[in-house]
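Structure file work.pdb (PDB, C-alpha atoms, pLDDT in the B column) follows.
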ATOM      1  CA  MET Y   1      -9.605 -33.207  -7.675  1.00 55.00           C
ATOM      2  CA  VAL Y   2      -6.491 -34.894  -9.004  1.00 56.00           C
ATOM      3  CA  THR Y   3      -5.763 -38.498  -8.114  1.00 63.00           C
ATOM      4  CA  ALA Y   4      -2.536 -40.335  -8.614  1.00 61.00           C
ATOM      5  CA  GLN Y   5      -2.659 -43.612 -10.485  1.00 62.00           C
ATOM      6  CA  PRO Y   6       0.158 -46.140 -10.257  1.00 65.00           C
ATOM      7  CA  LEU Y   7       1.945 -46.683 -13.516  1.00 59.00           C
ATOM      8  CA  PRO Y   8       1.790 -50.210 -14.818  1.00 59.00           C
ATOM      9  CA  LEU Y   9       5.201 -51.815 -14.669  1.00 60.00           C
ATOM     10  CA  ASN Y  10       6.503 -53.918 -17.452  1.00 60.00           C
ATOM     11  CA  PRO Y  11       7.572 -57.154 -15.748  1.00 57.00           C
ATOM     12  CA  ALA Y  12      10.187 -57.767 -18.410  1.00 55.00           C
ATOM     13  CA  THR Y  13      12.063 -54.509 -17.649  1.00 54.00           C
ATOM     14  CA  SER Y  14      11.302 -53.833 -13.985  1.00 52.00           C
ATOM     15  CA  ILE Y  15      14.055 -54.787 -11.606  1.00 52.00           C
ATOM     16  CA  ASP Y  16      13.600 -54.707  -7.887  1.00 55.00           C
ATOM     17  CA  MET Y  17      15.813 -51.918  -6.531  1.00 55.00           C
ATOM     18  CA  ASP Y  18      17.293 -54.209  -3.875  1.00 56.00           C
ATOM     19  CA  MET Y  19      18.168 -56.871  -6.390  1.00 65.00           C
ATOM     20  CA  ARG Y  20      20.185 -54.646  -8.691  1.00 69.00           C
ATOM     21  CA  PRO Y  21      23.911 -55.316  -8.495  1.00 74.00           C
ATOM     22  CA  ARG Y  22      26.036 -52.502  -7.139  1.00 76.00           C
ATOM     23  CA  ARG Y  23      28.484 -50.692  -9.311  1.00 80.00           C
ATOM     24  CA  ALA Y  24      32.061 -51.764  -8.884  1.00 76.00           C
ATOM     25  CA  ALA Y  25      34.008 -49.704  -6.368  1.00 80.00           C
ATOM     26  CA  SER Y  26      36.493 -47.187  -7.675  1.00 88.00           C
ATOM     27  CA  VAL Y  27      39.410 -45.411  -6.084  1.00 90.00           C
ATOM     28  CA  ALA Y  28      37.761 -42.036  -6.767  1.00 91.00           C
ATOM     29  CA  ALA Y  29      34.497 -43.088  -5.099  1.00 91.00           C
ATOM     30  CA  ILE Y  30      36.327 -44.394  -2.020  1.00 91.00           C
ATOM     31  CA  ASP Y  31      38.410 -41.213  -1.892  1.00 93.00           C
ATOM     32  CA  ALA Y  32      35.272 -39.057  -2.047  1.00 93.00           C
ATOM     33  CA  ARG Y  33      33.583 -41.117   0.681  1.00 93.00           C
ATOM     34  CA  LEU Y  34      36.685 -40.787   2.885  1.00 94.00           C
ATOM     35  CA  SER Y  35      36.766 -37.017   2.399  1.00 94.00           C
ATOM     36  CA  VAL Y  36      33.142 -36.657   3.452  1.00 94.00           C
ATOM     37  CA  TRP Y  37      33.606 -38.995   6.431  1.00 93.00           C
ATOM     38  CA  GLY Y  38      36.777 -37.211   7.554  1.00 94.00           C
ATOM     39  CA  GLN Y  39      35.191 -33.770   7.486  1.00 94.00           C
ATOM     40  CA  ALA Y  40      32.071 -34.956   9.304  1.00 94.00           C
ATOM     41  CA  ALA Y  41      34.125 -36.873  11.881  1.00 93.00           C
ATOM     42  CA  ARG Y  42      36.333 -33.868  12.656  1.00 93.00           C
ATOM     43  CA  GLU Y  43      33.267 -31.644  13.117  1.00 93.00           C
ATOM     44  CA  GLY Y  44      31.623 -34.346  15.225  1.00 92.00           C
ATOM     45  CA  LEU Y  45      34.676 -34.526  17.490  1.00 93.00           C
ATOM     46  CA  SER Y  46      34.349 -30.860  18.384  1.00 92.00           C
ATOM     47  CA  LEU Y  47      30.654 -31.268  19.158  1.00 93.00           C
ATOM     48  CA  ARG Y  48      31.373 -34.390  21.210  1.00 93.00           C
ATOM     49  CA  ALA Y  49      34.055 -32.601  23.248  1.00 93.00           C
ATOM     50  CA  GLN Y  50      31.674 -29.700  23.920  1.00 94.00           C
ATOM     51  CA  ALA Y  51      28.931 -32.104  25.002  1.00 93.00           C
ATOM     52  CA  MET Y  52      31.341 -33.940  27.305  1.00 93.00           C
ATOM     53  CA  SER Y  53      32.469 -30.652  28.848  1.00 93.00           C
ATOM     54  CA  ARG Y  54      28.885 -29.500  29.320  1.00 93.00           C
ATOM     55  CA  GLY Y  55      27.947 -32.782  31.032  1.00 92.00           C
ATOM     56  CA  GLY Y  56      30.989 -32.555  33.292  1.00 89.00           C
ATOM     57  CA  ALA Y  57      30.158 -28.941  34.138  1.00 90.00           C
ATOM     58  CA  LEU Y  58      26.595 -29.884  35.092  1.00 90.00           C
ATOM     59  CA  TRP Y  59      27.854 -32.623  37.367  1.00 88.00           C
ATOM     60  CA  GLY Y  60      30.617 -30.420  38.789  1.00 86.00           C
ATOM     61  CA  SER Y  61      28.172 -27.643  39.626  1.00 85.00           C
ATOM     62  CA  GLN Y  62      26.010 -30.168  41.512  1.00 85.00           C
ATOM     63  CA  VAL Y  63      28.759 -31.675  43.651  1.00 82.00           C
ATOM     64  CA  GLY Y  64      30.803 -28.490  44.054  1.00 80.00           C
ATOM     65  CA  ARG Y  65      34.401 -28.526  45.226  1.00 76.00           C
ATOM     66  CA  ALA Y  66      34.137 -32.207  46.100  1.00 76.00           C
ATOM     67  CA  ALA Y  67      34.652 -32.896  42.405  1.00 75.00           C
ATOM     68  CA  GLU Y  68      38.279 -31.921  42.959  1.00 72.00           C
ATOM     69  CA  SER Y  69      38.969 -35.276  44.560  1.00 73.00           C
ATOM     70  CA  VAL Y  70      37.730 -37.388  41.676  1.00 74.00           C
ATOM     71  CA  ARG Y  71      39.502 -40.679  41.176  1.00 75.00           C
ATOM     72  CA  SER Y  72      41.070 -40.723  37.738  1.00 74.00           C
ATOM     73  CA  THR Y  73      41.167 -43.857  35.624  1.00 81.00           C
ATOM     74  CA  PRO Y  74      43.441 -44.341  32.627  1.00 85.00           C
ATOM     75  CA  VAL Y  75      41.528 -44.079  29.365  1.00 88.00           C
ATOM     76  CA  ASP Y  76      42.586 -43.669  25.736  1.00 89.00           C
ATOM     77  CA  ALA Y  77      41.336 -40.157  25.026  1.00 88.00           C
ATOM     78  CA  SER Y  78      41.293 -40.506  21.234  1.00 87.00           C
ATOM     79  CA  GLU Y  79      39.238 -43.690  21.377  1.00 87.00           C
ATOM     80  CA  ALA Y  80      36.900 -42.158  23.961  1.00 88.00           C
ATOM     81  CA  LEU Y  81      36.241 -39.206  21.674  1.00 90.00           C
ATOM     82  CA  LEU Y  82      35.962 -41.279  18.495  1.00 89.00           C
ATOM     83  CA  GLY Y  83      33.979 -44.155  19.968  1.00 86.00           C
ATOM     84  CA  SER Y  84      30.351 -44.380  21.009  1.00 83.00           C
ATOM     85  CA  ASN Y  85      30.958 -45.383  24.626  1.00 86.00           C
ATOM     86  CA  VAL Y  86      29.614 -42.741  27.024  1.00 88.00           C
ATOM     87  CA  ARG Y  87      31.376 -44.416  29.942  1.00 88.00           C
ATOM     88  CA  ALA Y  88      34.762 -43.744  28.327  1.00 89.00           C
ATOM     89  CA  MET Y  89      33.741 -40.110  27.800  1.00 90.00           C
ATOM     90  CA  ALA Y  90      32.790 -39.824  31.488  1.00 89.00           C
ATOM     91  CA  LEU Y  91      36.128 -41.337  32.530  1.00 89.00           C
ATOM     92  CA  LEU Y  92      37.963 -38.856  30.308  1.00 90.00           C
ATOM     93  CA  CYS Y  93      35.936 -36.049  31.854  1.00 89.00           C
ATOM     94  CA  ALA Y  94      36.778 -37.324  35.340  1.00 87.00           C
ATOM     95  CA  ASN Y  95      40.479 -37.317  34.465  1.00 87.00           C
ATOM     96  CA  LEU Y  96      40.228 -33.657  33.480  1.00 88.00           C
ATOM     97  CA  MET Y  97      37.986 -32.649  36.392  1.00 85.00           C
ATOM     98  CA  SER Y  98      40.618 -32.421  39.147  1.00 81.00           C
ATOM     99  CA  SER Y  99      42.683 -29.841  37.268  1.00 84.00           C
ATOM    100  CA  ALA Y 100      39.676 -27.905  35.948  1.00 86.00           C
ATOM    101  CA  ILE Y 101      37.586 -27.579  39.102  1.00 83.00           C
ATOM    102  CA  ARG Y 102      39.886 -25.342  41.181  1.00 82.00           C
ATOM    103  CA  PRO Y 103      40.130 -22.455  38.640  1.00 85.00           C
ATOM    104  CA  ALA Y 104      36.343 -22.645  38.168  1.00 82.00           C
ATOM    105  CA  CYS Y 105      35.497 -22.251  41.863  1.00 81.00           C
ATOM    106  CA  ARG Y 106      34.181 -19.064  43.388  1.00 76.00           C
ATOM    107  CA  ILE Y 107      34.663 -19.306  47.169  1.00 73.00           C
ATOM    108  CA  LEU Y 108      32.003 -21.970  47.922  1.00 72.00           C
ATOM    109  CA  TRP Y 109      30.401 -22.652  44.563  1.00 82.00           C
ATOM    110  CA  VAL Y 110      31.485 -23.780  41.104  1.00 84.00           C
ATOM    111  CA  ASP Y 111      30.878 -21.561  38.087  1.00 87.00           C
ATOM    112  CA  PRO Y 112      29.539 -24.052  35.489  1.00 88.00           C
ATOM    113  CA  ASP Y 113      30.450 -21.856  32.505  1.00 91.00           C
ATOM    114  CA  ARG Y 114      34.020 -21.455  33.673  1.00 91.00           C
ATOM    115  CA  LEU Y 115      34.267 -25.183  34.469  1.00 90.00           C
ATOM    116  CA  GLU Y 116      33.015 -26.038  30.990  1.00 91.00           C
ATOM    117  CA  GLU Y 117      35.607 -23.673  29.519  1.00 93.00           C
ATOM    118  CA  LYS Y 118      38.413 -25.254  31.575  1.00 91.00           C
ATOM    119  CA  LEU Y 119      37.295 -28.772  30.614  1.00 92.00           C
ATOM    120  CA  LEU Y 120      37.307 -27.755  26.938  1.00 94.00           C
ATOM    121  CA  GLU Y 121      40.808 -26.350  27.330  1.00 94.00           C
ATOM    122  CA  GLY Y 122      41.914 -29.587  28.977  1.00 92.00           C
ATOM    123  CA  VAL Y 123      40.441 -31.815  26.288  1.00 93.00           C
ATOM    124  CA  ALA Y 124      41.780 -29.711  23.363  1.00 94.00           C
ATOM    125  CA  PRO Y 125      45.039 -31.719  22.967  1.00 94.00           C
ATOM    126  CA  ASN Y 126      43.001 -34.928  22.995  1.00 93.00           C
ATOM    127  CA  VAL Y 127      40.689 -33.573  20.293  1.00 94.00           C
ATOM    128  CA  GLU Y 128      43.716 -32.752  18.152  1.00 95.00           C
ATOM    129  CA  ALA Y 129      45.095 -36.253  18.700  1.00 94.00           C
ATOM    130  CA  ALA Y 130      41.746 -37.738  17.653  1.00 94.00           C
ATOM    131  CA  LYS Y 131      41.695 -35.540  14.529  1.00 95.00           C
ATOM    132  CA  ASN Y 132      45.166 -36.835  13.698  1.00 95.00           C
ATOM    133  CA  GLU Y 133      43.849 -40.379  14.140  1.00 94.00           C
ATOM    134  CA  ILE Y 134      41.097 -39.605  11.620  1.00 94.00           C
ATOM    135  CA  ARG Y 135      43.675 -38.281   9.153  1.00 95.00           C
ATOM    136  CA  ARG Y 136      45.780 -41.403   9.718  1.00 95.00           C
ATOM    137  CA  ARG Y 137      42.805 -43.659   8.985  1.00 94.00           C
ATOM    138  CA  GLN Y 138      41.988 -41.677   5.839  1.00 95.00           C
ATOM    139  CA  ALA Y 139      45.560 -42.027   4.593  1.00 95.00           C
ATOM    140  CA  LEU Y 140      45.560 -45.752   5.368  1.00 95.00           C
ATOM    141  CA  TYR Y 141      42.339 -46.387   3.450  1.00 93.00           C
ATOM    142  CA  ARG Y 142      43.460 -44.224   0.524  1.00 94.00           C
ATOM    143  CA  ARG Y 143      46.753 -46.101   0.357  1.00 95.00           C
ATOM    144  CA  ARG Y 144      44.909 -49.418   0.341  1.00 93.00           C
ATOM    145  CA  ALA Y 145      42.557 -48.201  -2.401  1.00 93.00           C
ATOM    146  CA  ARG Y 146      45.477 -47.220  -4.630  1.00 93.00           C
ATOM    147  CA  LEU Y 147      47.227 -50.517  -3.952  1.00 93.00           C
ATOM    148  CA  TRP Y 148      44.147 -52.579  -4.729  1.00 91.00           C
ATOM    149  CA  LYS Y 149      42.799 -50.613  -7.704  1.00 90.00           C
ATOM    150  CA  ALA Y 150      43.451 -53.601  -9.983  1.00 91.00           C
ATOM    151  CA  ASP Y 151      41.663 -56.056  -7.645  1.00 91.00           C
ATOM    152  CA  PRO Y 152      37.884 -55.358  -7.790  1.00 90.00           C
ATOM    153  CA  GLU Y 153      37.009 -57.837  -5.039  1.00 91.00           C
ATOM    154  CA  ARG Y 154      39.361 -56.230  -2.508  1.00 92.00           C
ATOM    155  CA  LEU Y 155      38.258 -52.769  -3.608  1.00 92.00           C
ATOM    156  CA  ASN Y 156      34.605 -53.713  -3.013  1.00 91.00           C
ATOM    157  CA  GLN Y 157      35.496 -55.007   0.456  1.00 92.00           C
ATOM    158  CA  LEU Y 158      37.356 -51.786   1.174  1.00 92.00           C
ATOM    159  CA  ARG Y 159      34.323 -49.772   0.035  1.00 92.00           C
ATOM    160  CA  ASP Y 160      32.124 -51.717   2.454  1.00 92.00           C
ATOM    161  CA  GLU Y 161      34.620 -51.099   5.245  1.00 93.00           C
ATOM    162  CA  VAL Y 162      34.760 -47.366   4.500  1.00 92.00           C
ATOM    163  CA  GLU Y 163      30.958 -47.183   4.374  1.00 91.00           C
ATOM    164  CA  SER Y 164      30.801 -48.706   7.848  1.00 90.00           C
ATOM    165  CA  LEU Y 165      32.938 -45.942   9.412  1.00 90.00           C
ATOM    166  CA  THR Y 166      30.942 -43.989  11.971  1.00 88.00           C
ATOM    167  CA  VAL Y 167      30.895 -40.298  12.744  1.00 88.00           C
ATOM    168  CA  PRO Y 168      31.197 -39.279  16.416  1.00 86.00           C
ATOM    169  CA  ARG Y 169      27.992 -37.657  17.610  1.00 85.00           C
ATOM    170  CA  GLY Y 170      27.530 -34.926  20.143  1.00 83.00           C
ATOM    171  CA  GLY Y 171      24.400 -33.450  21.614  1.00 86.00           C
ATOM    172  CA  GLN Y 172      22.110 -33.503  24.581  1.00 89.00           C
ATOM    173  CA  LEU Y 173      22.218 -37.294  24.895  1.00 88.00           C
ATOM    174  CA  ILE Y 174      25.990 -37.173  25.401  1.00 88.00           C
ATOM    175  CA  VAL Y 175      25.631 -34.312  27.911  1.00 90.00           C
ATOM    176  CA  GLU Y 176      23.099 -36.273  29.962  1.00 90.00           C
ATOM    177  CA  GLY Y 177      24.968 -39.545  29.544  1.00 89.00           C
ATOM    178  CA  VAL Y 178      28.230 -38.100  30.884  1.00 89.00           C
ATOM    179  CA  ARG Y 179      26.458 -36.369  33.760  1.00 89.00           C
ATOM    180  CA  GLN Y 180      24.479 -39.476  34.706  1.00 88.00           C
ATOM    181  CA  HIS Y 181      27.496 -41.724  34.450  1.00 86.00           C
ATOM    182  CA  LEU Y 182      29.515 -39.447  36.677  1.00 85.00           C
ATOM    183  CA  GLU Y 183      26.630 -39.561  39.185  1.00 82.00           C
ATOM    184  CA  ARG Y 184      25.673 -43.221  38.911  1.00 72.00           C
ATOM    185  CA  VAL Y 185      29.013 -44.912  38.810  1.00 62.00           C
ATOM    186  CA  GLY Y 186      30.128 -42.375  41.305  1.00 58.00           C
ATOM    187  CA  ILE Y 187      33.536 -41.729  39.932  1.00 49.00           C
ATOM    188  CA  ILE Y 188      34.262 -42.099  43.594  1.00 49.00           C
ATOM    189  CA  LEU Y 189      34.619 -38.991  45.658  1.00 46.00           C
ATOM    190  CA  ALA Y 190      36.921 -39.057  48.666  1.00 42.00           C
TER
END

Can the structure in the file be given as structure tokens, please?
Amino acid sequence: MVTAQPLPLNPATSIDMDMRPRRAASVAAIDARLSVWGQAAREGLSLRAQAMSRGGALWGSQVGRAAESVRSTPVDASEALLGSNVRAMALLCANLMSSAIRPACRILWVDPDRLEEKLLEGVAPNVEAAKNEIRRRQALYRRRARLWKADPERLNQLRDEVESLTVPRGGQLIVEGVRQHLERVGIILA
């Protein structure tokens, strides 16, 4: 049997990992971080739009043709897709519902697959606008990094700001959140 023994640390040379100073930020490192964030955010947008459409289709198949008379509320579609607020996603879905429900109906019932497809078609321009917003943010941060390459303090602050950028998430939680919000808040039916 083999046992692992901890190695004795030399107190003169051991440095706590949390206490080590960070390397200074560089333009190349910020650029690389922005590239990774941008790619992940664009992929996340597509997943988020699919999840929103799936949640709307579940709700639409439950309420049927009554979903046609959903009250729409103005919402910034790009921010709804990029943000983490499920309520904004549900409001965006409600805005798209009235135009998507009629082509998805079969006499008395709603085809959830067709409704999901129509919702995805309706949200496609908004997804493109959100992707353009991501590209705009990348260009803004890259421009700042090049401008501030001689100022290490500002560059470090910019690195921290870039590291705090979030990636939009999609998945079953978004599907359920949109469906439940459409039910709970009632996006009032006439």

Spatial neighbours of segment 110-117 of chain Y, 7 Å, all atoms listed in the file, chain gap at least 6 places, as a list of chain:residue names: Y:Ser53, Y:Arg54, Y:Ala57, Y:Leu58, Y:Ser61, Y:Gly64, Y:Arg65, Y:Ala100, Y:Ile101, Y:Ala104

Atomic separation - atom CA of Ala49 of chain Y relative to atom CA of Met97 of chain Y, Å: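 Going from atom CA of Met97 of chain Y over to atom CA of Ala49 of chain Y covers 13.7 Å.
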
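Here the PyMOL selection byres ((chain Y and resi 45) around 9) catches exactly these residues: Ala40, Ala41, Arg42, Glu43, Gly44, Ser46, Leu47, Arg48, Ala49, Gln50, Leu81, Leu82, Val127, Ala130, Lys131, Val167, Pro168, Arg169 and Gly170 of chain Y.
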
Spatial neighbours of segment 23-30 of chain Y, max dist 9 Å, all atoms listed in the file, sep filter under 6 positions, as a list in words: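 Near segment 23-30 of chain Y, the qualifying residues are Tyr141, Arg142, Ala145, Arg146, Trp148, Lys149, Pro152, Glu153, Leu155, Asn156, Gln157, Leu158, Arg159, Val162 and Glu163 of chain Y.
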
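For the atom pair formed by atom CA of Arg137 of chain Y and atom CA of Ala88 of chain Y, the distance is 20.9 Å, given to one decimal.
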
Spatial neighbours of segment 70-74 of chain Y, max dist 12 Å, only C-alpha atoms, sep filter under 5 positions, as an MDAnalysis selection string: chainID Y and resid 56 59:60 63:65 80 87:101 182:183 185:190

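Proximity to Pro125 of chain Y was assessed for Y:Trp37, Y:Trp109, Y:Arg179, Y:Ala77 counting all atoms listed in the file; the smallest distance is recorded for Y:Ala77.
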
Pairwise distance for atom CA of Thr166 of chain Y and atom CA of Gly83 of chain Y, rounded to one decimal in Å: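 Taking atom CA of Thr166 of chain Y and atom CA of Gly83 of chain Y, their separation equals 8.6 Å.
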
Box for segment 64-77 of chain Y: with edges along x, y and z, all listed atoms inside and 4 Å added on each side, what are the centre and edge lengths in Å to one decimal, as AutoDock Vina command-line options?
--center_x 37.1 --center_y -36.4 --center_z 35.6 --size_x 20.6 --size_y 23.9 --size_z 29.1

Would you mind exporting segment 75-99 of chain Y with N, CA and C atoms, as an mmCIF file, in the first residue's frame?
data_model
loop_
_atom_site.group_PDB
_atom_site.id
_atom_site.type_symbol
_atom_site.label_atom_id
_atom_site.label_comp_id
_atom_site.auth_asym_id
_atom_site.auth_seq_id
_atom_site.Cartn_x
_atom_site.Cartn_y
_atom_site.Cartn_z
ATOM 1 N N VAL Y 75 -39.680 46.239 -23.744
ATOM 2 C CA VAL Y 75 -38.489 45.721 -23.084
ATOM 3 C C VAL Y 75 -37.320 45.813 -24.068
ATOM 4 N N ASP Y 76 -36.146 46.129 -23.556
ATOM 5 C CA ASP Y 76 -34.953 46.176 -24.405
ATOM 6 C C ASP Y 76 -34.509 44.744 -24.658
ATOM 7 N N ALA Y 77 -34.692 44.285 -25.882
ATOM 8 C CA ALA Y 77 -34.444 42.882 -26.218
ATOM 9 C C ALA Y 77 -32.985 42.488 -26.024
ATOM 10 N N SER Y 78 -32.061 43.356 -26.408
ATOM 11 C CA SER Y 78 -30.638 43.029 -26.256
ATOM 12 C C SER Y 78 -30.271 42.846 -24.791
ATOM 13 N N GLU Y 79 -30.753 43.752 -23.951
ATOM 14 C CA GLU Y 79 -30.453 43.647 -22.519
ATOM 15 C C GLU Y 79 -31.138 42.439 -21.900
ATOM 16 N N ALA Y 80 -32.339 42.105 -22.377
ATOM 17 C CA ALA Y 80 -33.030 40.924 -21.861
ATOM 18 C C ALA Y 80 -32.255 39.660 -22.186
ATOM 19 N N LEU Y 81 -31.700 39.602 -23.392
ATOM 20 C CA LEU Y 81 -30.937 38.420 -23.791
ATOM 21 C C LEU Y 81 -29.560 38.375 -23.138
ATOM 22 N N LEU Y 82 -28.943 39.521 -22.942
ATOM 23 C CA LEU Y 82 -27.605 39.558 -22.347
ATOM 24 C C LEU Y 82 -27.627 39.507 -20.827
ATOM 25 N N GLY Y 83 -28.706 39.962 -20.223
ATOM 26 C CA GLY Y 83 -28.770 40.043 -18.772
ATOM 27 C C GLY Y 83 -29.108 38.706 -18.131
ATOM 28 N N SER Y 84 -29.303 38.751 -16.819
ATOM 29 C CA SER Y 84 -29.622 37.522 -16.086
ATOM 30 C C SER Y 84 -31.047 37.550 -15.544
ATOM 31 N N ASN Y 85 -31.831 38.524 -15.954
ATOM 32 C CA ASN Y 85 -33.180 38.698 -15.444
ATOM 33 C C ASN Y 85 -34.159 37.844 -16.256
ATOM 34 N N VAL Y 86 -34.751 36.849 -15.607
ATOM 35 C CA VAL Y 86 -35.699 35.963 -16.286
ATOM 36 C C VAL Y 86 -36.996 36.704 -16.597
ATOM 37 N N ARG Y 87 -37.343 37.662 -15.751
ATOM 38 C CA ARG Y 87 -38.566 38.436 -15.984
ATOM 39 C C ARG Y 87 -38.493 39.173 -17.318
ATOM 40 N N ALA Y 88 -37.333 39.767 -17.608
ATOM 41 C CA ALA Y 88 -37.164 40.469 -18.885
ATOM 42 C C ALA Y 88 -37.269 39.492 -20.051
ATOM 43 N N MET Y 89 -36.738 38.282 -19.869
ATOM 44 C CA MET Y 89 -36.857 37.265 -20.925
ATOM 45 C C MET Y 89 -38.323 36.893 -21.153
ATOM 46 N N ALA Y 90 -39.090 36.765 -20.065
ATOM 47 C CA ALA Y 90 -40.508 36.422 -20.184
ATOM 48 C C ALA Y 90 -41.273 37.548 -20.874
ATOM 49 N N LEU Y 91 -40.925 38.795 -20.562
ATOM 50 C CA LEU Y 91 -41.591 39.926 -21.217
ATOM 51 C C LEU Y 91 -41.268 39.957 -22.709
ATOM 52 N N LEU Y 92 -40.019 39.667 -23.055
ATOM 53 C CA LEU Y 92 -39.644 39.587 -24.465
ATOM 54 C C LEU Y 92 -40.424 38.473 -25.160
ATOM 55 N N CYS Y 93 -40.538 37.346 -24.496
ATOM 56 C CA CYS Y 93 -41.295 36.223 -25.044
ATOM 57 C C CYS Y 93 -42.765 36.606 -25.233
ATOM 58 N N ALA Y 94 -43.321 37.321 -24.270
ATOM 59 C CA ALA Y 94 -44.714 37.753 -24.370
ATOM 60 C C ALA Y 94 -44.908 38.702 -25.549
ATOM 61 N N ASN Y 95 -43.927 39.560 -25.787
ATOM 62 C CA ASN Y 95 -44.015 40.478 -26.930
ATOM 63 C C ASN Y 95 -44.051 39.723 -28.253
ATOM 64 N N LEU Y 96 -43.350 38.608 -28.313
ATOM 65 C CA LEU Y 96 -43.290 37.820 -29.545
ATOM 66 C C LEU Y 96 -44.470 36.862 -29.682
ATOM 67 N N MET Y 97 -45.139 36.569 -28.569
ATOM 68 C CA MET Y 97 -46.160 35.524 -28.537
ATOM 69 C C MET Y 97 -47.343 35.828 -29.454
ATOM 70 N N SER Y 98 -47.829 37.064 -29.466
ATOM 71 C CA SER Y 98 -49.044 37.361 -30.234
ATOM 72 C C SER Y 98 -48.861 37.109 -31.731
ATOM 73 N N SER Y 99 -47.668 37.368 -32.248
ATOM 74 C CA SER Y 99 -47.456 37.131 -33.680
ATOM 75 C C SER Y 99 -47.053 35.685 -33.978
#
